[in-house]
>>> print(open('final_36.txt').read())   # compact mmCIF, C-alpha atoms
# COMPACT_ATOMS: atom_id res chain seq x y z
CA MET G 236 22.25 -24.14 -0.53
CA THR G 237 19.46 -24.40 2.03
CA THR G 238 16.79 -26.97 1.15
CA PHE G 239 13.13 -26.15 0.67
CA ASP G 240 12.05 -28.10 3.77
CA ALA G 241 14.71 -26.46 5.95
CA MET G 242 13.60 -23.00 4.80
CA VAL G 243 9.95 -23.76 5.59
CA ALA G 244 10.93 -25.11 9.02
CA GLU G 245 12.42 -21.72 9.94
CA PHE G 246 8.94 -20.19 10.05
CA ARG G 247 6.95 -20.30 13.28
CA GLN G 248 3.84 -22.17 12.16
CA LYS G 249 0.77 -22.31 14.40
CA ASN G 250 -1.91 -23.50 11.98
CA ALA G 251 -2.62 -24.61 8.41
CA ALA G 252 -2.70 -21.02 7.13
CA ASP G 253 0.78 -20.40 8.55
CA GLU G 254 2.04 -23.60 6.91
CA ARG G 255 0.61 -22.60 3.53
CA ASN G 256 1.99 -19.06 3.78
CA ALA G 257 5.44 -20.37 4.70
CA ALA G 258 5.51 -22.81 1.79
CA HIS G 259 4.36 -20.14 -0.66
CA GLU G 260 6.99 -17.70 0.57
CA VAL G 261 9.81 -20.21 0.24
CA MET G 262 8.65 -21.04 -3.30
CA GLN G 263 8.70 -17.33 -4.11
CA GLN G 264 12.22 -16.91 -2.74
CA ILE G 265 13.54 -19.87 -4.73
CA ALA G 266 11.80 -18.64 -7.89
CA LEU G 267 13.42 -15.20 -7.49
CA ALA G 268 16.85 -16.77 -7.04
CA GLY G 269 16.31 -18.82 -10.18
CA LEU G 270 15.21 -15.80 -12.18
CA SER G 271 18.27 -13.93 -10.95
CA ARG G 272 20.47 -16.87 -11.98
CA GLY G 273 18.92 -16.81 -15.45
CA GLY G 274 19.44 -13.07 -16.06
CA PHE G 275 15.72 -12.19 -15.95
CA PHE G 276 16.35 -8.99 -14.01
CA GLU G 277 18.37 -7.54 -16.85
CA LYS G 278 15.02 -7.09 -18.62
CA ALA G 279 12.39 -7.03 -15.88
CA ALA G 280 11.59 -5.77 -12.39
CA PHE G 281 9.64 -7.14 -9.42
CA TYR G 282 6.68 -5.22 -7.99
CA GLY G 283 3.47 -5.74 -5.97
CA GLY G 284 2.68 -7.07 -2.51
CA THR G 285 5.09 -10.01 -2.64
CA CYS G 286 7.88 -7.57 -3.51
CA LEU G 287 7.04 -5.56 -0.38
CA ARG G 288 7.07 -8.70 1.73
CA LEU G 289 10.32 -10.23 0.47
CA LEU G 290 12.41 -7.13 -0.19
CA HIS G 291 11.04 -4.63 2.35
CA GLY G 292 9.83 -6.77 5.27
CA MET G 293 6.12 -5.96 5.19
CA ARG G 294 4.32 -7.96 7.88
CA ARG G 295 1.85 -9.80 5.70
CA PHE G 296 2.25 -12.77 3.42
CA SER G 297 1.42 -12.60 -0.26
CA GLU G 298 0.48 -15.28 -2.80
CA ASP G 299 1.32 -14.11 -6.31
CA MET G 300 4.40 -12.65 -7.97
CA ASP G 301 4.15 -9.65 -10.30
CA PHE G 302 6.84 -8.56 -12.73
CA SER G 303 7.12 -5.83 -15.33
CA LEU G 304 9.44 -5.59 -18.28
CA LEU G 305 11.63 -2.49 -18.24
CA GLU G 306 10.45 -1.65 -21.75
CA PRO G 307 7.50 -2.95 -23.79
CA ASP G 308 8.32 -6.15 -25.70
CA LEU G 309 5.30 -8.00 -27.04
CA GLY G 310 7.57 -10.82 -28.26
CA PHE G 311 9.08 -11.48 -24.81
CA ARG G 312 9.43 -15.16 -23.89
CA PHE G 313 9.33 -15.92 -20.16
CA GLU G 314 9.83 -19.55 -21.14
CA ASP G 315 13.51 -18.76 -21.78
CA TYR G 316 13.98 -18.48 -18.00
CA PHE G 317 12.25 -21.74 -17.06
CA PRO G 318 15.46 -23.84 -16.97
CA ALA G 319 17.15 -21.55 -14.43
CA VAL G 320 14.08 -21.60 -12.15
CA VAL G 321 13.68 -25.38 -12.42
CA GLU G 322 17.37 -25.82 -11.59
CA GLU G 323 17.10 -23.56 -8.53
CA PHE G 324 14.24 -25.68 -7.18
CA ARG G 325 16.19 -28.86 -7.94
CA LEU G 326 19.10 -27.58 -5.86
CA ALA G 327 16.62 -26.98 -3.02
CA GLY G 328 15.41 -30.57 -3.28
CA LYS G 329 12.18 -30.07 -5.23
CA GLU G 330 11.02 -30.86 -8.73
CA VAL G 331 8.69 -28.27 -10.28
CA GLU G 332 6.88 -27.64 -13.51
CA ILE G 333 5.99 -24.24 -14.95
CA LYS G 334 2.90 -23.85 -17.08
CA MET G 335 1.51 -20.89 -18.94
CA LYS G 336 -2.13 -20.16 -18.14
CA HIS G 337 -3.82 -19.90 -21.51
CA LYS G 338 -6.19 -17.03 -21.96
CA GLY G 339 -9.61 -18.38 -22.70
CA GLN G 340 -12.75 -16.67 -21.49
CA PRO G 341 -11.57 -15.10 -18.20
CA SER G 342 -13.60 -15.31 -15.04
CA ALA G 343 -14.99 -12.11 -13.52
CA ILE G 344 -12.14 -12.06 -11.01
CA GLU G 345 -9.42 -12.84 -13.56
CA SER G 346 -10.62 -10.12 -15.92
CA ALA G 347 -10.35 -7.60 -13.10
CA PHE G 348 -6.68 -8.40 -12.54
CA HIS G 349 -5.02 -9.53 -15.74
CA LYS G 350 -4.02 -7.04 -18.40
CA GLU G 351 -4.36 -8.14 -22.01
CA SER G 352 -0.62 -7.51 -22.30
CA SER G 353 0.26 -9.71 -19.33
CA ASP G 354 1.37 -13.33 -19.50
CA VAL G 355 0.41 -15.54 -16.54
CA TYR G 356 2.19 -18.70 -15.37
CA ASP G 357 1.94 -21.22 -12.53
CA ILE G 358 4.92 -22.80 -10.78
CA GLY G 359 3.91 -26.03 -9.05
CA PHE G 360 5.52 -29.09 -7.50
CA THR G 361 5.30 -32.22 -9.63
CA ALA G 362 4.49 -34.35 -6.56
CA GLU G 363 2.37 -31.89 -4.54
CA LYS G 364 -0.36 -30.42 -6.72
CA ARG G 365 -1.87 -28.34 -3.92
CA LEU G 366 1.07 -25.91 -3.85
CA LYS G 367 1.58 -23.45 -6.68
CA VAL G 368 2.62 -19.85 -7.15
CA LYS G 369 1.15 -17.65 -9.88
CA ILE G 370 3.50 -15.38 -11.80
CA GLU G 371 2.30 -12.50 -13.96
CA VAL G 372 4.63 -10.67 -16.35
CA ASP G 373 3.51 -7.32 -17.79
CA ILE G 374 5.12 -7.18 -21.23
CA ASP G 375 3.70 -3.72 -22.05
CA PRO G 376 4.15 -1.73 -18.82
CA PRO G 377 3.11 1.89 -18.23
CA PRO G 378 6.07 4.31 -18.37
CA LYS G 379 7.73 6.69 -15.92
CA PHE G 380 9.04 4.33 -13.27
CA THR G 381 12.46 3.75 -11.71
CA THR G 382 14.06 0.52 -10.53
CA GLU G 383 16.82 -0.53 -8.17
CA MET G 384 18.76 -3.72 -7.40
CA ARG G 385 18.18 -5.26 -3.96
CA VAL G 386 19.78 -8.24 -2.24
CA LEU G 387 17.72 -11.36 -1.52
CA SER G 388 19.48 -13.59 1.03
CA GLU G 389 17.40 -16.79 0.84
CA PRO G 390 17.97 -19.43 -0.47
CA ARG G 391 21.29 -17.76 -1.35
CA ASN G 392 22.55 -14.25 -1.87
CA CYS G 393 21.39 -12.83 -5.19
CA LEU G 394 20.32 -9.52 -6.72
CA VAL G 395 16.70 -8.79 -7.64
CA ARG G 396 15.63 -5.73 -9.62
CA SER G 397 12.49 -4.07 -8.27
CA TYR G 398 10.52 -0.87 -8.62
CA VAL G 399 11.59 1.81 -6.14
CA LEU G 400 9.17 2.34 -3.26
CA PRO G 401 7.45 5.54 -4.54
CA ASP G 402 6.61 3.74 -7.80
CA LEU G 403 5.50 0.61 -5.96
CA PHE G 404 3.21 2.86 -3.94
CA ALA G 405 1.76 4.31 -7.17
CA GLY G 406 0.94 0.84 -8.43
CA LYS G 407 -0.75 -0.07 -5.18
CA VAL G 408 -2.81 3.12 -5.08
CA SER G 409 -3.99 2.41 -8.62
CA ALA G 410 -5.00 -1.10 -7.55
CA ALA G 411 -6.81 0.11 -4.42
CA LEU G 412 -8.72 2.80 -6.29
CA PHE G 413 -9.48 1.13 -9.60
CA ARG G 414 -9.34 -2.65 -9.27
CA LYS G 415 -12.84 -3.98 -9.98
CA TRP G 416 -14.00 -6.65 -7.54
CA LYS G 417 -17.76 -6.17 -7.82
CA ASN G 418 -19.03 -7.10 -4.34
CA ARG G 419 -15.63 -8.18 -2.99
CA VAL G 420 -12.90 -6.04 -1.49
CA LYS G 421 -9.21 -6.79 -1.72
CA GLY G 422 -8.23 -5.91 1.83
CA ARG G 423 -4.62 -6.74 0.97
CA ASP G 424 -4.48 -3.59 -1.19
CA TRP G 425 -5.67 -1.45 1.72
CA TYR G 426 -3.26 -3.09 4.16
CA ASP G 427 -0.43 -2.20 1.79
CA VAL G 428 -1.63 1.40 1.34
CA ALA G 429 -1.58 1.85 5.12
CA TRP G 430 1.93 0.31 5.23
CA TYR G 431 3.31 2.80 2.70
CA ILE G 432 1.78 5.75 4.52
CA ALA G 433 3.07 4.60 7.91
CA LYS G 434 6.56 4.22 6.40
CA ARG G 435 6.28 7.74 4.95
CA VAL G 436 6.98 6.51 1.44
CA PRO G 437 6.24 9.34 -1.01
CA LEU G 438 3.74 8.57 -3.77
CA ASN G 439 5.05 9.05 -7.31
CA LEU G 440 2.17 11.01 -8.79
CA GLU G 441 3.56 10.89 -12.33
CA HIS G 442 3.61 7.08 -12.37
CA LEU G 443 0.18 6.90 -10.73
CA VAL G 444 -1.25 8.94 -13.60
CA GLU G 445 0.22 6.44 -16.08
CA ARG G 446 -1.17 3.50 -14.10
CA ALA G 447 -4.60 5.12 -13.95
CA LYS G 448 -4.68 5.53 -17.74
CA GLU G 449 -4.58 1.73 -18.00
CA SER G 450 -6.78 0.83 -15.04
CA GLU G 451 -9.50 3.49 -15.27
CA PRO G 452 -9.35 5.57 -18.45
CA GLY G 453 -10.81 8.98 -17.73
CA ALA G 454 -9.95 8.98 -14.04
CA ASP G 455 -8.15 12.15 -12.96
CA VAL G 456 -5.49 11.66 -10.28
CA SER G 457 -3.20 14.39 -11.56
CA THR G 458 -2.99 16.38 -8.30
CA PRO G 459 -2.76 15.45 -4.61
CA GLU G 460 -6.22 16.91 -4.03
CA LYS G 461 -7.74 14.71 -6.74
CA VAL G 462 -6.03 11.63 -5.32
CA ILE G 463 -7.49 12.32 -1.88
CA ALA G 464 -10.93 12.92 -3.41
CA ALA G 465 -10.70 9.58 -5.25
CA PHE G 466 -9.74 7.85 -2.00
CA ASP G 467 -12.66 9.46 -0.12
CA ALA G 468 -15.14 8.23 -2.73
CA LYS G 469 -13.69 4.72 -2.61
CA ILE G 470 -13.60 4.62 1.20
CA ASP G 471 -17.26 5.67 1.38
CA ALA G 472 -18.17 2.62 -0.71
CA LEU G 473 -15.98 0.06 1.11
CA ASP G 474 -17.24 -2.76 3.32
CA PHE G 475 -14.46 -2.97 5.88
CA ASP G 476 -15.67 -6.28 7.30
CA ASN G 477 -15.13 -7.80 3.85
CA ALA G 478 -11.76 -6.08 3.59
CA LYS G 479 -10.64 -7.58 6.91
CA ALA G 480 -11.90 -11.03 5.90
CA ASP G 481 -9.78 -10.91 2.74
CA VAL G 482 -6.51 -10.05 4.46
CA VAL G 483 -6.75 -11.64 7.91
CA GLN G 484 -5.25 -15.01 6.90
CA TYR G 485 -2.12 -13.29 5.57
CA VAL G 486 -1.40 -10.91 8.47
CA MET G 487 1.05 -11.85 11.20
CA ASP G 488 -0.63 -9.70 13.86
CA THR G 489 -4.38 -9.57 13.25
CA SER G 490 -4.83 -6.90 15.94
CA GLU G 491 -3.49 -4.45 13.31
CA LEU G 492 -6.91 -4.72 11.66
CA ASP G 493 -8.93 -3.75 14.74
CA ILE G 494 -8.64 -0.05 13.94
CA TRP G 495 -9.84 -0.40 10.34
CA SER G 496 -12.78 1.87 9.52
CA GLY G 497 -13.70 4.60 7.10
CA GLU G 498 -12.49 7.25 9.51
CA PHE G 499 -9.13 5.50 9.97
CA PHE G 500 -8.42 5.39 6.24
CA ARG G 501 -9.71 8.93 5.62
CA GLN G 502 -7.19 10.20 8.14
CA MET G 503 -4.43 7.96 6.84
CA VAL G 504 -4.70 9.08 3.20
CA ARG G 505 -4.38 12.67 4.32
CA LYS G 506 -0.91 11.78 5.58
CA ILE G 507 0.29 10.77 2.08
CA GLU G 508 3.43 12.57 0.98
CA PHE G 509 3.60 13.16 -2.77
CA LYS G 510 6.55 13.00 -5.14
CA ILE G 511 5.59 15.43 -7.90
>>> encode(input="final_36.txt", output="structure tokens")
Amino acid sequence: MTTFDAMVAEFRQKNAADERNAAHEVMQQIALAGLSRGGFFEKAAFYGGTCLRLLHGMRRFSEDMDFSLLEPDLGFRFEDYFPAVVEEFRLAGKEVEIKMKHKGQPSAIESAFHKESSDVYDIGFTAEKRLKVKIEVDIDPPPKFTTEMRVLSEPRNCLVRSYVLPDLFAGKVSAALFRKWKNRVKGRDWYDVAWYIAKRVPLNLEHLVERAKESEPGADVSTPEKVIAAFDAKIDALDFDNAKADVVQYVMDTSELDIWSGEFFRQMVRKIEFKI
């Protein structure tokens, strides 16, 4: 098995941000291999930006790992999979500890991201406190999604269950439209939306409706026309300088962001293909 340090060395690192992104990505890959070893993907699926990066080659790095149970299970214990993840890191030459983040009074940012039915954990090195990866597991997921098994080749060949792309797209659209950041903008969401559209991934409207029920009760995204209208309203309110500032440290080619503007995204969302 390839060691952690050897995997990090394979990345072309030009600055501190590149070094951090490489280390995070290798931690994510090892964690996925450990979860696969432990049978986690018999009950859960991978989704979100890190899923796009590791399983579909999106050209931006991502920090956190998001998982969803296949069916609601409020008694689910992620702790049962800790030993397999710890062992996978040990084989790669690193000792880690996994801690559950206890839900006290959430910060404004945390409350915008974490569902009440989600459990949140940190994986961190015992000897290097600066490096950690956050894992969130949705134990009461919205329905009407489909999954598939995909091969992850690093640090070894293994199978990872993930949402299919149209359902991943639905989750990202829900995040872009309804995630509450107050005065901040999560440019990473908008980068991902543009990626899906450019790849001509159809948007699963049925799953988007279920996601919206959780994220923004009362929002109506039941038709393509209503989705486009919701995008237009959101785009009108966006500060694209803030959006670029959020995502720039994670993008491999920052020139991709030069075209970002309200007009760019208005035209892009009109290219969305819908799975109805």
>>> residues_around(input="final_36.txt", residues="Gly274 in chain G", least_positions_apart="5", cutoff="9 Å", atoms="only C-alpha atoms", output="PyMOL selection string")
chain G and resi 269+316+319
>>> atom_distance(input="final_36.txt", atom1="CA of Glu389 in chain G", atom2="CA of Ala433 in chain G")
26.7 Å
>>> residues_around(input="final_36.txt", residues="Arg396 in chain G", least_positions_apart="6", cutoff="6 Å", atoms="all atoms listed in the file", output="JSON, numbers by chain")
{"G": [276, 280, 383, 384]}
>>> atom_distance(input="final_36.txt", atom1="CA of Val504 in chain G", atom2="CA of Leu289 in chain G")
24.6 Å
>>> residues_around(input="final_36.txt", residues="Ile370 in chain G", least_positions_apart="4", cutoff="9 Å", atoms="all atoms listed in the file", output="tab-separated table (two decimals) with C-alpha atoms, in the frame of the given file")
chain	number	residue	atom	x	y	z
G	299	ASP	CA	1.32	-14.11	-6.31
G	300	MET	CA	4.40	-12.65	-7.97
G	301	ASP	CA	4.15	-9.65	-10.30
G	302	PHE	CA	6.84	-8.56	-12.73
G	354	ASP	CA	1.37	-13.33	-19.50
G	355	VAL	CA	0.41	-15.54	-16.54
G	356	TYR	CA	2.19	-18.70	-15.37
G	357	ASP	CA	1.94	-21.22	-12.53
G	358	ILE	CA	4.92	-22.80	-10.78
>>> residues_around(input="final_36.txt", residues="range 326-336 of chain G", least_positions_apart="5", cutoff="9 Å", atoms="all atoms listed in the file", output="VMD selection string")
chain G and resid 236 to 240 265 314 317 320 to 321 354 to 362 390
>>> write_last_selection(input="final_36.txt", atoms="C-alpha atoms", output="PDB file, in the coordinates of the input")
ATOM      1  CA  MET G 236      22.250 -24.140  -0.530  1.00  0.00           C
ATOM      2  CA  THR G 237      19.460 -24.400   2.030  1.00  0.00           C
ATOM      3  CA  THR G 238      16.790 -26.970   1.150  1.00  0.00           C
ATOM      4  CA  PHE G 239      13.130 -26.150   0.670  1.00  0.00           C
ATOM      5  CA  ASP G 240      12.050 -28.100   3.770  1.00  0.00           C
ATOM      6  CA  ILE G 265      13.540 -19.870  -4.730  1.00  0.00           C
ATOM      7  CA  GLU G 314       9.830 -19.550 -21.140  1.00  0.00           C
ATOM      8  CA  PHE G 317      12.250 -21.740 -17.060  1.00  0.00           C
ATOM      9  CA  VAL G 320      14.080 -21.600 -12.150  1.00  0.00           C
ATOM     10  CA  VAL G 321      13.680 -25.380 -12.420  1.00  0.00           C
ATOM     11  CA  ASP G 354       1.370 -13.330 -19.500  1.00  0.00           C
ATOM     12  CA  VAL G 355       0.410 -15.540 -16.540  1.00  0.00           C
ATOM     13  CA  TYR G 356       2.190 -18.700 -15.370  1.00  0.00           C
ATOM     14  CA  ASP G 357       1.940 -21.220 -12.530  1.00  0.00           C
ATOM     15  CA  ILE G 358       4.920 -22.800 -10.780  1.00  0.00           C
ATOM     16  CA  GLY G 359       3.910 -26.030  -9.050  1.00  0.00           C
ATOM     17  CA  PHE G 360       5.520 -29.090  -7.500  1.00  0.00           C
ATOM     18  CA  THR G 361       5.300 -32.220  -9.630  1.00  0.00           C
ATOM     19  CA  ALA G 362       4.490 -34.350  -6.560  1.00  0.00           C
ATOM     20  CA  PRO G 390      17.970 -19.430  -0.470  1.00  0.00           C
TER      21      PRO G 390
END
>>> residues_around(input="final_36.txt", residues="Ala257 in chain G", least_positions_apart="4", cutoff="8 Å", atoms="all atoms listed in the file", output="short mmCIF file (atom, residue, chain, number, x, y, z; two decimals) with C-alpha atoms, keeping the file's coordinate frame")
data_model
loop_
_atom_site.label_atom_id
_atom_site.label_comp_id
_atom_site.auth_asym_id
_atom_site.auth_seq_id
_atom_site.Cartn_x
_atom_site.Cartn_y
_atom_site.Cartn_z
CA VAL G 243 9.95 -23.76 5.59
CA PHE G 246 8.94 -20.19 10.05
CA GLN G 248 3.84 -22.17 12.16
CA ASP G 253 0.78 -20.40 8.55
CA VAL G 261 9.81 -20.21 0.24
#
>>> closest_residue(input="final_36.txt", among="G:Ser397, G:Gln263, G:Ser388, G:Gln502", to="Leu305 in chain G", atoms="only C-alpha atoms")
G:Ser397
>>> closest_residue(input="final_36.txt", among="G:Trp430, G:Phe275, G:Phe499, G:Phe466", to="Phe313 in chain G", atoms="all atoms listed in the file")
G:Phe275
>>> atom_distance(input="final_36.txt", atom1="CA of Ala411 in chain G", atom2="CA of Trp425 in chain G")
6.4 Å
>>> closest_residue(input="final_36.txt", among="G:Glu306, G:Asp493, G:Asp402, G:Glu260", to="Lys367 in chain G", atoms="all atoms listed in the file")
G:Glu260
>>> build_atoms(input="final_36.txt", residues="range 259-290 of chain G", atoms="N, CA and C atoms", output="mmCIF file, in the coordinates of the input")
data_model
loop_
_atom_site.group_PDB
_atom_site.id
_atom_site.type_symbol
_atom_site.label_atom_id
_atom_site.label_comp_id
_atom_site.auth_asym_id
_atom_site.auth_seq_id
_atom_site.Cartn_x
_atom_site.Cartn_y
_atom_site.Cartn_z
ATOM 1 N N HIS G 259 4.438 -21.063 0.467
ATOM 2 C CA HIS G 259 4.360 -20.140 -0.660
ATOM 3 C C HIS G 259 5.554 -19.183 -0.660
ATOM 4 N N GLU G 260 5.907 -18.671 0.512
ATOM 5 C CA GLU G 260 6.990 -17.700 0.570
ATOM 6 C C GLU G 260 8.322 -18.325 0.170
ATOM 7 N N VAL G 261 8.560 -19.535 0.607
ATOM 8 C CA VAL G 261 9.810 -20.210 0.240
ATOM 9 C C VAL G 261 9.833 -20.468 -1.271
ATOM 10 N N MET G 262 8.710 -20.876 -1.846
ATOM 11 C CA MET G 262 8.650 -21.040 -3.300
ATOM 12 C C MET G 262 8.968 -19.729 -4.011
ATOM 13 N N GLN G 263 8.440 -18.632 -3.498
ATOM 14 C CA GLN G 263 8.700 -17.330 -4.110
ATOM 15 C C GLN G 263 10.183 -16.974 -4.043
ATOM 16 N N GLN G 264 10.805 -17.221 -2.894
ATOM 17 C CA GLN G 264 12.220 -16.910 -2.740
ATOM 18 C C GLN G 264 13.074 -17.727 -3.709
ATOM 19 N N ILE G 265 12.770 -19.006 -3.827
ATOM 20 C CA ILE G 265 13.540 -19.870 -4.730
ATOM 21 C C ILE G 265 13.323 -19.440 -6.179
ATOM 22 N N ALA G 266 12.090 -19.097 -6.532
ATOM 23 C CA ALA G 266 11.800 -18.640 -7.890
ATOM 24 C C ALA G 266 12.601 -17.373 -8.213
ATOM 25 N N LEU G 267 12.661 -16.429 -7.267
ATOM 26 C CA LEU G 267 13.420 -15.200 -7.490
ATOM 27 C C LEU G 267 14.909 -15.496 -7.690
ATOM 28 N N ALA G 268 15.447 -16.404 -6.889
ATOM 29 C CA ALA G 268 16.850 -16.770 -7.040
ATOM 30 C C ALA G 268 17.104 -17.389 -8.406
ATOM 31 N N GLY G 269 16.169 -18.216 -8.864
ATOM 32 C CA GLY G 269 16.310 -18.820 -10.180
ATOM 33 C C GLY G 269 16.241 -17.789 -11.293
ATOM 34 N N LEU G 270 15.312 -16.849 -11.175
ATOM 35 C CA LEU G 270 15.210 -15.800 -12.180
ATOM 36 C C LEU G 270 16.469 -14.936 -12.204
ATOM 37 N N SER G 271 17.019 -14.674 -11.022
ATOM 38 C CA SER G 271 18.270 -13.930 -10.950
ATOM 39 C C SER G 271 19.394 -14.709 -11.628
ATOM 40 N N ARG G 272 19.455 -16.000 -11.365
ATOM 41 C CA ARG G 272 20.470 -16.870 -11.980
ATOM 42 C C ARG G 272 20.356 -16.811 -13.509
ATOM 43 N N GLY G 273 19.125 -16.760 -14.010
ATOM 44 C CA GLY G 273 18.920 -16.810 -15.450
ATOM 45 C C GLY G 273 19.025 -15.472 -16.162
ATOM 46 N N GLY G 274 19.276 -14.377 -15.435
ATOM 47 C CA GLY G 274 19.440 -13.070 -16.060
ATOM 48 C C GLY G 274 18.134 -12.334 -16.327
ATOM 49 N N PHE G 275 17.033 -12.792 -15.724
ATOM 50 C CA PHE G 275 15.720 -12.190 -15.950
ATOM 51 C C PHE G 275 15.699 -10.708 -15.567
ATOM 52 N N PHE G 276 16.422 -10.360 -14.505
ATOM 53 C CA PHE G 276 16.350 -8.990 -14.010
ATOM 54 C C PHE G 276 17.193 -8.003 -14.800
ATOM 55 N N GLU G 277 17.788 -8.464 -15.884
ATOM 56 C CA GLU G 277 18.370 -7.540 -16.850
ATOM 57 C C GLU G 277 17.284 -6.904 -17.711
ATOM 58 N N LYS G 278 16.112 -7.562 -17.772
ATOM 59 C CA LYS G 278 15.020 -7.090 -18.620
ATOM 60 C C LYS G 278 13.743 -6.760 -17.860
ATOM 61 N N ALA G 279 13.664 -7.149 -16.599
ATOM 62 C CA ALA G 279 12.390 -7.030 -15.880
ATOM 63 C C ALA G 279 12.627 -6.622 -14.431
ATOM 64 N N ALA G 280 11.540 -6.197 -13.790
ATOM 65 C CA ALA G 280 11.590 -5.770 -12.390
ATOM 66 C C ALA G 280 10.404 -6.369 -11.636
ATOM 67 N N PHE G 281 10.605 -6.582 -10.357
ATOM 68 C CA PHE G 281 9.640 -7.140 -9.420
ATOM 69 C C PHE G 281 8.809 -5.991 -8.846
ATOM 70 N N TYR G 282 7.506 -6.212 -8.669
ATOM 71 C CA TYR G 282 6.680 -5.220 -7.990
ATOM 72 C C TYR G 282 5.507 -5.920 -7.315
ATOM 73 N N GLY G 283 4.652 -5.163 -6.605
ATOM 74 C CA GLY G 283 3.470 -5.740 -5.970
ATOM 75 C C GLY G 283 3.694 -6.115 -4.514
ATOM 76 N N GLY G 284 2.662 -6.745 -3.928
ATOM 77 C CA GLY G 284 2.680 -7.070 -2.510
ATOM 78 C C GLY G 284 3.768 -8.047 -2.121
ATOM 79 N N THR G 285 4.040 -9.045 -2.966
ATOM 80 C CA THR G 285 5.090 -10.010 -2.640
ATOM 81 C C THR G 285 6.456 -9.332 -2.638
ATOM 82 N N CYS G 286 6.637 -8.356 -3.504
ATOM 83 C CA CYS G 286 7.880 -7.570 -3.510
ATOM 84 C C CYS G 286 8.046 -6.847 -2.182
ATOM 85 N N LEU G 287 6.964 -6.246 -1.672
ATOM 86 C CA LEU G 287 7.040 -5.560 -0.380
ATOM 87 C C LEU G 287 7.403 -6.529 0.733
ATOM 88 N N ARG G 288 6.823 -7.706 0.689
ATOM 89 C CA ARG G 288 7.070 -8.700 1.730
ATOM 90 C C ARG G 288 8.522 -9.191 1.710
ATOM 91 N N LEU G 289 9.010 -9.584 0.540
ATOM 92 C CA LEU G 289 10.320 -10.230 0.470
ATOM 93 C C LEU G 289 11.489 -9.250 0.489
ATOM 94 N N LEU G 290 11.297 -8.069 -0.081
ATOM 95 C CA LEU G 290 12.410 -7.130 -0.190
ATOM 96 C C LEU G 290 12.348 -5.982 0.812
#
